[in-house]
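Report on one structure; see the data block that follows.
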Amino acid sequence: MKKLVITQSVACLAVCLTAAFWGMESAFSALLGGIAYLLPTLLASAVMYLTGKNAALSLIGFFWAEGMKVMLALLMMVAAFVLYPSLQWLPFLAALLIVSFSVFFVIGKMSHYGNGTERECSGRIH
């Protein structure tokens with residue numbers, strides 16, 4: 001989960017820096033979009049870490065954390081639109097989607113670990 005949060009943080013920062021080329025309003029809208037998904041992910045990973053040590057609670061903790069993550073992300077998206085009326089849609093949604101889909105980058109990197117592909121990349125056979 002730590003790799004996921006770090007990857008999502010880097011993705012949020014990259015989108016914010018890219019949106020800054022179109023002005024500070026765009027960068028702030030992108031920041032709000034990234035945080036709307038990054039913060040719930042951070043809280044969900046903390047819940048799963050705390051409940052993961054107990055086998056009986058780990059499954060319940062997973063479902064509770066994912067449900068909380070979805071509800072908190074929706075709440076933060078609505079709050080961003082209500083509390084910040086000059087929010088720009090495109091940077092907000094771009095950051096939200098890029099941060100949320102960065103999980104596939106982490107999963108893709110993990111799926112290649114240990115299946116022999118690392119030998120092909122190093123150029124030599126062990």
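Chain labels follow the order of the structure tokens: the first chain is A, the next B, and so on; residue numbering restarts at 1 in every chain, and ligands are counted from 1 in their shown order.
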* **Residues near segment 19-21 of chain A, cut-off 10 Å, only C-alpha atoms, skip fewer than 3 positions along chain, as number ranges by chain** => A: 13-16, 24-31, 90-92, 94-95
Now that the selection is made, can you save its residues with N, CA and C atoms as an mmCIF file, in the first residue's frame?
data_model
loop_
_atom_site.group_PDB
_atom_site.id
_atom_site.type_symbol
_atom_site.label_atom_id
_atom_site.label_comp_id
_atom_site.auth_asym_id
_atom_site.auth_seq_id
_atom_site.Cartn_x
_atom_site.Cartn_y
_atom_site.Cartn_z
ATOM 1 N N LEU A 13 1.142 15.214 -8.113
ATOM 2 C CA LEU A 13 2.103 16.300 -8.281
ATOM 3 C C LEU A 13 2.393 16.566 -9.758
ATOM 4 N N ALA A 14 2.527 15.516 -10.543
ATOM 5 C CA ALA A 14 2.803 15.672 -11.975
ATOM 6 C C ALA A 14 1.642 16.363 -12.684
ATOM 7 N N VAL A 15 0.418 15.988 -12.351
ATOM 8 C CA VAL A 15 -0.741 16.623 -12.985
ATOM 9 C C VAL A 15 -0.849 18.079 -12.556
ATOM 10 N N CYS A 16 -0.570 18.363 -11.286
ATOM 11 C CA CYS A 16 -0.617 19.752 -10.810
ATOM 12 C C CYS A 16 0.422 20.620 -11.509
ATOM 13 N N MET A 24 -2.765 29.225 -12.293
ATOM 14 C CA MET A 24 -2.885 28.743 -10.920
ATOM 15 C C MET A 24 -4.263 28.155 -10.618
ATOM 16 N N GLU A 25 -5.293 28.683 -11.265
ATOM 17 C CA GLU A 25 -6.637 28.123 -11.082
ATOM 18 C C GLU A 25 -6.671 26.663 -11.542
ATOM 19 N N SER A 26 -6.034 26.393 -12.665
ATOM 20 C CA SER A 26 -5.979 25.027 -13.186
ATOM 21 C C SER A 26 -5.164 24.124 -12.258
ATOM 22 N N ALA A 27 -4.054 24.639 -11.773
ATOM 23 C CA ALA A 27 -3.212 23.843 -10.873
ATOM 24 C C ALA A 27 -3.937 23.531 -9.570
ATOM 25 N N PHE A 28 -4.659 24.528 -9.030
ATOM 26 C CA PHE A 28 -5.390 24.292 -7.785
ATOM 27 C C PHE A 28 -6.551 23.323 -8.001
ATOM 28 N N SER A 29 -7.221 23.430 -9.149
ATOM 29 C CA SER A 29 -8.302 22.493 -9.466
ATOM 30 C C SER A 29 -7.749 21.073 -9.593
ATOM 31 N N ALA A 30 -6.587 20.933 -10.218
ATOM 32 C CA ALA A 30 -5.960 19.621 -10.334
ATOM 33 C C ALA A 30 -5.552 19.086 -8.960
ATOM 34 N N LEU A 31 -5.060 19.964 -8.107
ATOM 35 C CA LEU A 31 -4.690 19.549 -6.755
ATOM 36 C C LEU A 31 -5.905 19.033 -5.994
ATOM 37 N N LEU A 90 -11.866 20.326 -16.258
ATOM 38 C CA LEU A 90 -10.894 19.473 -16.941
ATOM 39 C C LEU A 90 -9.680 19.127 -16.070
ATOM 40 N N PRO A 91 -9.018 20.087 -15.433
ATOM 41 C CA PRO A 91 -7.892 19.703 -14.569
ATOM 42 C C PRO A 91 -8.323 18.868 -13.368
ATOM 43 N N PHE A 92 -9.493 19.189 -12.822
ATOM 44 C CA PHE A 92 -10.005 18.432 -11.671
ATOM 45 C C PHE A 92 -10.213 16.968 -12.047
ATOM 46 N N ALA A 94 -9.102 15.363 -14.714
ATOM 47 C CA ALA A 94 -7.865 14.733 -15.190
ATOM 48 C C ALA A 94 -7.035 14.228 -14.015
ATOM 49 N N ALA A 95 -6.878 15.056 -13.003
ATOM 50 C CA ALA A 95 -6.101 14.638 -11.826
ATOM 51 C C ALA A 95 -6.788 13.491 -11.095
#
Note to self: Show me, as a ChimeraX atom specification, the residues that have an atom within 12 Å of Leu50 of chain A when counting only C-alpha atoms, minus same-chain residues fewer than 6 positions from it.
What the structure shows: /A:43-44,57-62,65
In Å and to one decimal, atom CA of Pro85 of chain A is distant from atom CA of Ile35 of chain A by 17.1 Å
Spatial neighbours of Glu66 of chain A, 10 Å, only C-alpha atoms, chain gap at least 5 places, as a CSV table (one decimal) with N, CA and C atoms, in the first residue's frame:
chain,number,residue,atom,x,y,z
A,40,PRO,N,-8.6,9.7,0.6
A,40,PRO,CA,-9.3,8.5,0.9
A,40,PRO,C,-8.5,7.2,0.8
A,41,THR,N,-7.6,7.2,-0.2
A,41,THR,CA,-6.7,6.0,-0.4
A,41,THR,C,-5.7,5.9,0.8
A,43,LEU,N,-6.3,7.0,3.9
A,43,LEU,CA,-7.0,6.5,5.1
A,43,LEU,C,-7.4,5.0,5.0
A,44,ALA,N,-7.8,4.6,3.8
A,44,ALA,CA,-8.1,3.2,3.6
A,44,ALA,C,-6.9,2.3,3.8
A,45,SER,N,-5.7,2.7,3.3
A,45,SER,CA,-4.5,1.9,3.6
A,45,SER,C,-4.2,1.9,5.0
A,47,VAL,N,-6.4,1.9,7.5
A,47,VAL,CA,-7.3,1.0,8.1
A,47,VAL,C,-6.9,-0.4,7.8
A,48,MET,N,-6.5,-0.7,6.6
A,48,MET,CA,-6.2,-2.1,6.2
A,48,MET,C,-4.9,-2.5,6.9
A,61,GLY,N,-12.0,-5.4,7.6
A,61,GLY,CA,-11.3,-4.2,7.4
A,61,GLY,C,-11.1,-3.8,6.0
A,71,MET,N,-17.0,6.4,-0.3
A,71,MET,CA,-17.9,7.5,0.2
A,71,MET,C,-17.1,8.8,0.5
A,72,LEU,N,-15.9,8.7,1.0
A,72,LEU,CA,-15.1,9.8,1.3
A,72,LEU,C,-14.7,10.5,0.0
If you count only C-alpha atoms, which residues fall within 10 Å of Met76 of chain A, apart from same-chain ones fewer than 6 positions away, as a CSV table (one decimal) with C-alpha atoms, in the first residue's frame?
chain,number,residue,atom,x,y,z
A,32,LEU,CA,-8.2,19.3,-5.4
A,33,GLY,CA,-9.0,16.5,-7.9
A,35,ILE,CA,-6.5,15.0,-3.2
A,36,ALA,CA,-10.1,13.9,-3.6
A,37,TYR,CA,-8.8,10.4,-4.3
A,39,LEU,CA,-6.6,11.2,0.9
A,40,PRO,CA,-9.3,8.5,0.9
A,70,VAL,CA,-15.6,5.4,-2.0
A,82,VAL,CA,-19.7,23.4,-3.6
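A straight line drawn from atom CA of Thr7 of chain A to atom CA of Leu93 of chain A is 17.8 Å long.
Of note, atom CA of Gly34 of chain A and atom CA of Lys2 of chain A are spaced 16.8 Å apart.
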